[in-house]
>>> print(open('target12.cif').read())   # mmCIF, C-alpha atoms, pLDDT in the B column; chains and numbers go by the auth columns
data_work
loop_
_atom_site.group_PDB
_atom_site.id
_atom_site.type_symbol
_atom_site.label_atom_id
_atom_site.label_comp_id
_atom_site.label_asym_id
_atom_site.label_seq_id
_atom_site.Cartn_x
_atom_site.Cartn_y
_atom_site.Cartn_z
_atom_site.B_iso_or_equiv
_atom_site.auth_seq_id
_atom_site.auth_asym_id
ATOM 1 C CA MET A 1 60.508 165.830 102.736 50.00 637 A
ATOM 2 C CA PHE A 2 57.007 165.566 104.216 47.00 638 A
ATOM 3 C CA ASN A 3 55.424 167.159 101.116 56.00 639 A
ATOM 4 C CA LYS A 4 57.226 164.745 98.816 56.00 640 A
ATOM 5 C CA LEU A 5 56.138 161.799 100.964 51.00 641 A
ATOM 6 C CA SER A 6 52.549 163.088 101.065 56.00 642 A
ATOM 7 C CA PHE A 7 52.526 163.533 97.298 53.00 643 A
ATOM 8 C CA THR A 8 53.940 160.047 96.761 57.00 644 A
ATOM 9 C CA LEU A 9 51.342 158.473 99.069 51.00 645 A
ATOM 10 C CA PHE A 10 48.536 160.415 97.386 57.00 646 A
ATOM 11 C CA PHE A 11 49.804 159.359 93.972 57.00 647 A
ATOM 12 C CA LEU A 12 50.052 155.701 94.987 55.00 648 A
ATOM 13 C CA MET A 13 46.535 155.735 96.491 55.00 649 A
ATOM 14 C CA THR A 14 45.121 157.359 93.358 60.00 650 A
ATOM 15 C CA PHE A 15 47.051 154.943 91.193 57.00 651 A
ATOM 16 C CA ALA A 16 45.818 151.925 93.193 54.00 652 A
ATOM 17 C CA THR A 17 42.236 153.182 92.914 56.00 653 A
ATOM 18 C CA SER A 18 42.618 153.567 89.161 52.00 654 A
ATOM 19 C CA ILE A 19 43.976 150.045 88.825 50.00 655 A
ATOM 20 C CA ALA A 20 41.084 148.663 90.841 49.00 656 A
ATOM 21 C CA GLN A 21 38.566 150.391 88.562 54.00 657 A
ATOM 22 C CA LYS A 22 40.083 149.377 85.236 62.00 658 A
ATOM 23 C CA GLY A 23 43.223 147.992 83.704 75.00 659 A
ATOM 24 C CA VAL A 24 45.721 150.814 83.580 78.00 660 A
ATOM 25 C CA ARG A 25 48.223 150.942 80.737 81.00 661 A
ATOM 26 C CA ILE A 26 51.628 152.172 81.785 81.00 662 A
ATOM 27 C CA ALA A 27 54.809 152.881 79.874 83.00 663 A
ATOM 28 C CA TYR A 28 58.042 154.650 80.580 79.00 664 A
ATOM 29 C CA ILE A 29 60.848 156.288 78.677 86.00 665 A
ATOM 30 C CA ASP A 30 64.407 157.272 79.423 84.00 666 A
ATOM 31 C CA PHE A 31 64.303 160.876 78.253 86.00 667 A
ATOM 32 C CA ASN A 32 68.065 161.387 78.555 85.00 668 A
ATOM 33 C CA GLU A 33 68.786 158.269 76.506 87.00 669 A
ATOM 34 C CA ILE A 34 66.375 159.358 73.773 88.00 670 A
ATOM 35 C CA ILE A 35 67.557 162.931 73.505 88.00 671 A
ATOM 36 C CA GLU A 36 71.236 161.933 73.366 87.00 672 A
ATOM 37 C CA GLU A 37 70.509 159.809 70.285 87.00 673 A
ATOM 38 C CA ILE A 38 69.009 162.706 68.310 87.00 674 A
ATOM 39 C CA SER A 39 71.460 164.250 65.837 85.00 675 A
ATOM 40 C CA ASP A 40 70.024 167.771 66.266 85.00 676 A
ATOM 41 C CA TYR A 41 70.658 167.508 70.001 89.00 677 A
ATOM 42 C CA LYS A 42 74.257 166.390 69.455 89.00 678 A
ATOM 43 C CA GLU A 43 74.839 169.323 67.081 89.00 679 A
ATOM 44 C CA ALA A 44 73.207 171.766 69.509 89.00 680 A
ATOM 45 C CA ILE A 45 75.364 170.519 72.394 91.00 681 A
ATOM 46 C CA GLN A 46 78.532 170.747 70.268 92.00 682 A
ATOM 47 C CA SER A 47 77.638 174.295 69.237 91.00 683 A
ATOM 48 C CA LEU A 48 76.901 175.273 72.824 92.00 684 A
ATOM 49 C CA GLU A 49 80.102 173.691 74.144 93.00 685 A
ATOM 50 C CA SER A 50 82.102 175.467 71.443 94.00 686 A
ATOM 51 C CA LYS A 51 80.626 178.802 72.503 93.00 687 A
ATOM 52 C CA ALA A 52 81.254 178.000 76.171 94.00 688 A
ATOM 53 C CA GLU A 53 84.851 177.128 75.392 96.00 689 A
ATOM 54 C CA ASN A 54 85.334 180.484 73.649 95.00 690 A
ATOM 55 C CA TRP A 55 83.743 182.316 76.569 95.00 691 A
ATOM 56 C CA ASN A 56 85.977 180.442 79.020 95.00 692 A
ATOM 57 C CA LYS A 57 89.042 181.354 76.965 96.00 693 A
ATOM 58 C CA GLU A 58 88.038 185.014 77.003 96.00 694 A
ATOM 59 C CA ILE A 59 87.598 184.909 80.782 96.00 695 A
ATOM 60 C CA GLU A 60 90.912 183.095 81.281 96.00 696 A
ATOM 61 C CA ILE A 61 92.737 185.682 79.163 96.00 697 A
ATOM 62 C CA LYS A 62 91.270 188.444 81.310 95.00 698 A
ATOM 63 C CA LYS A 63 92.282 186.582 84.476 95.00 699 A
ATOM 64 C CA MET A 64 95.851 186.240 83.164 96.00 700 A
ATOM 65 C CA GLU A 65 95.891 189.956 82.357 95.00 701 A
ATOM 66 C CA LEU A 66 94.683 190.673 85.891 94.00 702 A
ATOM 67 C CA LYS A 67 97.392 188.444 87.364 95.00 703 A
ATOM 68 C CA SER A 68 100.003 190.205 85.230 95.00 704 A
ATOM 69 C CA MET A 69 98.726 193.597 86.395 93.00 705 A
ATOM 70 C CA GLU A 70 98.836 192.438 90.038 94.00 706 A
ATOM 71 C CA ASP A 71 102.382 191.101 89.636 94.00 707 A
ATOM 72 C CA HIS A 72 103.460 194.312 87.968 92.00 708 A
ATOM 73 C CA LEU A 73 101.998 196.381 90.800 91.00 709 A
ATOM 74 C CA ASN A 74 103.626 194.175 93.442 91.00 710 A
ATOM 75 C CA SER A 75 107.008 194.540 91.785 91.00 711 A
ATOM 76 C CA GLU A 76 106.703 198.351 91.532 89.00 712 A
ATOM 77 C CA LYS A 77 104.895 198.949 94.802 87.00 713 A
ATOM 78 C CA PHE A 78 107.967 200.105 96.736 86.00 714 A
ATOM 79 C CA LEU A 79 108.780 202.679 93.997 88.00 715 A
ATOM 80 C CA LEU A 80 105.304 204.236 93.885 86.00 716 A
ATOM 81 C CA THR A 81 103.659 206.731 96.163 88.00 717 A
ATOM 82 C CA ASN A 82 100.784 205.587 98.363 90.00 718 A
ATOM 83 C CA GLU A 83 98.425 207.564 96.164 93.00 719 A
ATOM 84 C CA LEU A 84 99.593 205.784 92.979 91.00 720 A
ATOM 85 C CA VAL A 85 99.407 202.397 94.698 90.00 721 A
ATOM 86 C CA LYS A 86 95.832 203.175 95.770 93.00 722 A
ATOM 87 C CA ASP A 87 94.911 204.222 92.194 93.00 723 A
ATOM 88 C CA ARG A 88 96.341 201.011 90.725 92.00 724 A
ATOM 89 C CA GLU A 89 94.599 198.881 93.348 93.00 725 A
ATOM 90 C CA ASP A 90 91.344 200.630 92.456 94.00 726 A
ATOM 91 C CA GLU A 91 91.981 199.814 88.777 94.00 727 A
ATOM 92 C CA LEU A 92 92.566 196.176 89.719 94.00 728 A
ATOM 93 C CA THR A 93 89.321 196.111 91.698 95.00 729 A
ATOM 94 C CA ILE A 94 87.414 197.532 88.722 95.00 730 A
ATOM 95 C CA TYR A 95 89.032 194.966 86.414 95.00 731 A
ATOM 96 C CA ARG A 96 88.159 192.125 88.842 95.00 732 A
ATOM 97 C CA ASP A 97 84.548 193.344 88.859 96.00 733 A
ATOM 98 C CA GLU A 98 84.530 193.392 85.035 96.00 734 A
ATOM 99 C CA ILE A 99 85.701 189.779 84.986 95.00 735 A
ATOM 100 C CA PHE A 100 83.027 188.806 87.513 95.00 736 A
ATOM 101 C CA THR A 101 80.376 190.601 85.444 95.00 737 A
ATOM 102 C CA LEU A 102 81.593 188.840 82.310 95.00 738 A
ATOM 103 C CA GLN A 103 81.418 185.445 84.037 95.00 739 A
ATOM 104 C CA ASN A 104 77.849 186.162 85.130 95.00 740 A
ATOM 105 C CA ARG A 105 76.902 187.354 81.651 95.00 741 A
ATOM 106 C CA TYR A 106 78.176 184.127 80.142 95.00 742 A
ATOM 107 C CA PHE A 107 77.527 181.527 82.853 93.00 743 A
ATOM 108 C CA GLY A 108 75.205 183.137 85.402 92.00 744 A
ATOM 109 C CA ILE A 109 71.617 182.182 86.144 91.00 745 A
ATOM 110 C CA ASN A 110 70.290 184.295 83.261 91.00 746 A
ATOM 111 C CA GLY A 111 73.541 184.125 81.315 92.00 747 A
ATOM 112 C CA ASN A 112 74.235 183.417 77.682 93.00 748 A
ATOM 113 C CA TYR A 113 74.953 179.734 78.357 93.00 749 A
ATOM 114 C CA ILE A 114 71.536 179.073 79.897 92.00 750 A
ATOM 115 C CA ASN A 115 69.743 181.212 77.294 92.00 751 A
ATOM 116 C CA GLN A 116 71.530 179.489 74.403 91.00 752 A
ATOM 117 C CA LYS A 117 70.861 176.089 75.937 89.00 753 A
ATOM 118 C CA ASN A 118 67.156 176.865 76.206 89.00 754 A
ATOM 119 C CA LYS A 119 67.083 178.287 72.686 90.00 755 A
ATOM 120 C CA LEU A 120 68.885 175.310 71.127 87.00 756 A
ATOM 121 C CA ILE A 121 67.634 172.403 73.214 86.00 757 A
ATOM 122 C CA LYS A 122 64.069 173.299 74.225 88.00 758 A
ATOM 123 C CA PRO A 123 62.650 172.763 70.699 90.00 759 A
ATOM 124 C CA ILE A 124 64.249 169.310 70.622 88.00 760 A
ATOM 125 C CA GLN A 125 62.838 168.454 74.047 88.00 761 A
ATOM 126 C CA ASP A 126 59.407 169.694 72.951 90.00 762 A
ATOM 127 C CA ARG A 127 59.599 167.497 69.844 89.00 763 A
ATOM 128 C CA VAL A 128 60.389 164.431 71.980 89.00 764 A
ATOM 129 C CA LEU A 129 57.508 165.197 74.352 89.00 765 A
ATOM 130 C CA SER A 130 55.184 165.657 71.388 90.00 766 A
ATOM 131 C CA VAL A 131 56.129 162.236 70.024 90.00 767 A
ATOM 132 C CA VAL A 132 55.673 160.687 73.482 89.00 768 A
ATOM 133 C CA ARG A 133 52.174 162.213 73.636 89.00 769 A
ATOM 134 C CA GLU A 134 51.347 160.887 70.154 89.00 770 A
ATOM 135 C CA ILE A 135 52.473 157.379 71.054 88.00 771 A
ATOM 136 C CA ALA A 136 50.641 157.483 74.399 87.00 772 A
ATOM 137 C CA ILE A 137 47.411 158.447 72.653 88.00 773 A
ATOM 138 C CA GLU A 138 47.955 155.991 69.800 88.00 774 A
ATOM 139 C CA LYS A 139 48.773 153.069 72.132 85.00 775 A
ATOM 140 C CA LYS A 140 46.217 154.196 74.753 86.00 776 A
ATOM 141 C CA PHE A 141 48.664 154.504 77.653 83.00 777 A
ATOM 142 C CA ASP A 142 47.242 156.015 80.807 85.00 778 A
ATOM 143 C CA PHE A 143 50.646 156.991 82.203 82.00 779 A
ATOM 144 C CA VAL A 144 54.080 157.478 80.675 83.00 780 A
ATOM 145 C CA PHE A 145 56.866 158.009 83.193 81.00 781 A
ATOM 146 C CA ASP A 146 60.349 159.324 82.633 82.00 782 A
ATOM 147 C CA ARG A 147 62.895 156.985 84.127 77.00 783 A
ATOM 148 C CA SER A 148 65.576 159.697 84.168 75.00 784 A
ATOM 149 C CA SER A 149 63.468 162.140 86.209 72.00 785 A
ATOM 150 C CA ASP A 150 63.236 162.577 89.982 67.00 786 A
ATOM 151 C CA LEU A 151 60.533 159.917 90.171 62.00 787 A
ATOM 152 C CA ILE A 152 62.250 156.852 91.561 60.00 788 A
ATOM 153 C CA MET A 153 61.509 153.738 89.568 57.00 789 A
ATOM 154 C CA LEU A 154 62.716 150.814 91.629 50.00 790 A
ATOM 155 C CA TYR A 155 61.760 148.158 89.118 57.00 791 A
ATOM 156 C CA SER A 156 60.241 148.026 85.675 58.00 792 A
ATOM 157 C CA GLN A 157 59.947 145.393 83.018 62.00 793 A
ATOM 158 C CA LYS A 158 61.651 146.208 79.734 68.00 794 A
ATOM 159 C CA ASN A 159 58.449 145.611 77.748 67.00 795 A
ATOM 160 C CA TYR A 160 57.013 148.818 79.292 70.00 796 A
ATOM 161 C CA ASP A 161 59.958 150.870 78.003 75.00 797 A
ATOM 162 C CA ILE A 162 58.863 152.748 74.883 81.00 798 A
ATOM 163 C CA SER A 163 62.108 154.717 74.491 81.00 799 A
ATOM 164 C CA GLU A 164 63.062 152.828 71.307 84.00 800 A
ATOM 165 C CA LEU A 165 59.615 153.405 69.846 82.00 801 A
ATOM 166 C CA VAL A 166 59.880 157.133 70.541 87.00 802 A
ATOM 167 C CA LEU A 167 63.355 157.270 69.037 86.00 803 A
ATOM 168 C CA ARG A 168 62.265 155.359 65.912 88.00 804 A
ATOM 169 C CA LYS A 169 59.356 157.726 65.386 88.00 805 A
ATOM 170 C CA ILE A 170 61.612 160.782 65.781 87.00 806 A
ATOM 171 C CA ASN A 171 64.148 159.298 63.344 86.00 807 A
ATOM 172 C CA ASN A 172 61.382 158.551 60.833 87.00 808 A
ATOM 173 C CA GLN A 173 60.122 162.125 61.103 87.00 809 A
ATOM 174 C CA GLU A 174 63.679 163.337 60.552 86.00 810 A
ATOM 175 C CA LYS A 175 64.089 161.139 57.454 87.00 811 A
ATOM 176 C CA ILE A 176 60.811 162.408 56.004 87.00 812 A
ATOM 177 C CA LYS A 177 61.863 166.010 56.662 86.00 813 A
ATOM 178 C CA ASN A 178 65.245 165.400 55.014 87.00 814 A
ATOM 179 C CA ARG A 179 63.598 163.772 51.963 89.00 815 A
ATOM 180 C CA LYS A 180 61.233 166.719 51.568 89.00 816 A
ATOM 181 C CA GLU A 181 64.162 169.146 51.807 87.00 817 A
ATOM 182 C CA GLU A 182 66.106 167.126 49.207 87.00 818 A
ATOM 183 C CA ILE A 183 63.123 167.085 46.842 89.00 819 A
ATOM 184 C CA GLU A 184 62.718 170.836 47.307 88.00 820 A
ATOM 185 C CA ARG A 185 66.429 171.414 46.551 87.00 821 A
ATOM 186 C CA LYS A 186 66.167 169.303 43.390 86.00 822 A
ATOM 187 C CA LYS A 187 63.085 171.271 42.276 85.00 823 A
ATOM 188 C CA GLN A 188 64.886 174.556 42.857 85.00 824 A
ATOM 189 C CA SER A 189 67.928 173.259 41.005 83.00 825 A
ATOM 190 C CA ARG A 190 65.769 172.241 38.001 82.00 826 A
ATOM 191 C CA ASN A 191 63.973 175.601 38.039 82.00 827 A
ATOM 192 C CA LYS A 192 67.289 177.457 37.948 80.00 828 A
ATOM 193 C CA LYS A 193 68.417 175.420 34.905 75.00 829 A
ATOM 194 C CA SER A 194 65.190 176.168 33.040 65.00 830 A
#
>>> encode(input="target12.cif", output="structure tokens")
Amino acid sequence: MFNKLSFTLFFLMTFATSIAQKGVRIAYIDFNEIIEEISDYKEAIQSLESKAENWNKEIEIKKMELKSMEDHLNSEKFLLTNELVKDREDELTIYRDEIFTLQNRYFGINGNYINQKNKLIKPIQDRVLSVVREIAIEKKFDFVFDRSSDLIMLYSQKNYDISELVLRKINNQEKIKNRKEEIERKKQSRNKKS
């Protein structure tokens, strides 16, 4: 808490000094709003959620199998020797551990979900940040804040929000990329006919 307060005070003092020396140009974006409007992001999220759903189904099937095995053991317990009961309980423990391992592999800290998310979404985030940098340099902004981050923005005028500008630039880049791909496909199609 103290470190965050110290950092905030230092930032405000530095910021105030900068303003006193020259006119500072400030803008902000809503990163979450921008990224959710990008079609590649929507496709990446759908792909990731589809994979996560399949992984969850696999885990749920294993949990149902475990429950069935437990029920089966409980119903036969009085017919089995203590040694056989112990063996089956050991099997159940091993199976429980396998399920736990599978859950960690899919959804743990270094699991498939996080790795896939980074693999699919990080390039899109990098592209947005690149466009923000381009616009900041082009428009000569000294600071560009992210409204959706931990930095608390108590008030801001809408004219400092460059989210739409960032989104337009990304969409224009996407259109240009799609046109180039279409031209390339047409060239390849013509070359095949020749």
>>> closest_residue(input="target12.cif", among="A:Arg732, A:Arg804, A:His708, A:Lys687", to="Ile750 (chain A)", atoms="only C-alpha atoms")
A:Lys687
>>> residues_near_point(input="target12.cif", point="(59.7, 163.2, 69.4)", cutoff="9 Å", atoms="all atoms listed in the file", output="list in words")
Ile670, Ile671, Ile760, Gln761, Asp762, Arg763, Val764, Leu765, Ser766, Val767, Val768, Arg769, Glu770, Val802, Leu803, Arg804, Lys805, Ile806, Asn807 and Gln809 of chain A
>>> write_last_selection(input="target12.cif", atoms="C-alpha atoms", output="compact mmCIF listing (two decimals), keeping the file's coordinate frame")
# COMPACT_ATOMS: atom_id res chain seq x y z
CA ILE A 670 66.38 159.36 73.77
CA ILE A 671 67.56 162.93 73.50
CA ILE A 760 64.25 169.31 70.62
CA GLN A 761 62.84 168.45 74.05
CA ASP A 762 59.41 169.69 72.95
CA ARG A 763 59.60 167.50 69.84
CA VAL A 764 60.39 164.43 71.98
CA LEU A 765 57.51 165.20 74.35
CA SER A 766 55.18 165.66 71.39
CA VAL A 767 56.13 162.24 70.02
CA VAL A 768 55.67 160.69 73.48
CA ARG A 769 52.17 162.21 73.64
CA GLU A 770 51.35 160.89 70.15
CA VAL A 802 59.88 157.13 70.54
CA LEU A 803 63.36 157.27 69.04
CA ARG A 804 62.26 155.36 65.91
CA LYS A 805 59.36 157.73 65.39
CA ILE A 806 61.61 160.78 65.78
CA ASN A 807 64.15 159.30 63.34
CA GLN A 809 60.12 162.12 61.10
>>> resolve_selection(input="target12.cif", expression="the PyMOL selection byres ((chain A and resi 666) around 9)", output="number ranges by chain")
A: 664-665, 667-671, 781-785, 797-799
>>> residues_around(input="target12.cif", residues="Phe779 (chain A)", least_positions_apart="5", cutoff="9 Å", atoms="all atoms listed in the file", output="VMD selection string")
chain A and resid 660 to 664 772
>>> resolve_selection(input="target12.cif", expression="the PyMOL selection byres ((chain A and resi 724) around 12)", output="list in words")
Leu702, Met705, Glu706, Asp707, His708, Leu709, Asn710, Glu712, Lys713, Leu716, Thr717, Asn718, Glu719, Leu720, Val721, Lys722, Asp723, Glu725, Asp726, Glu727, Leu728, Thr729, Ile730 and Tyr731 of chain A
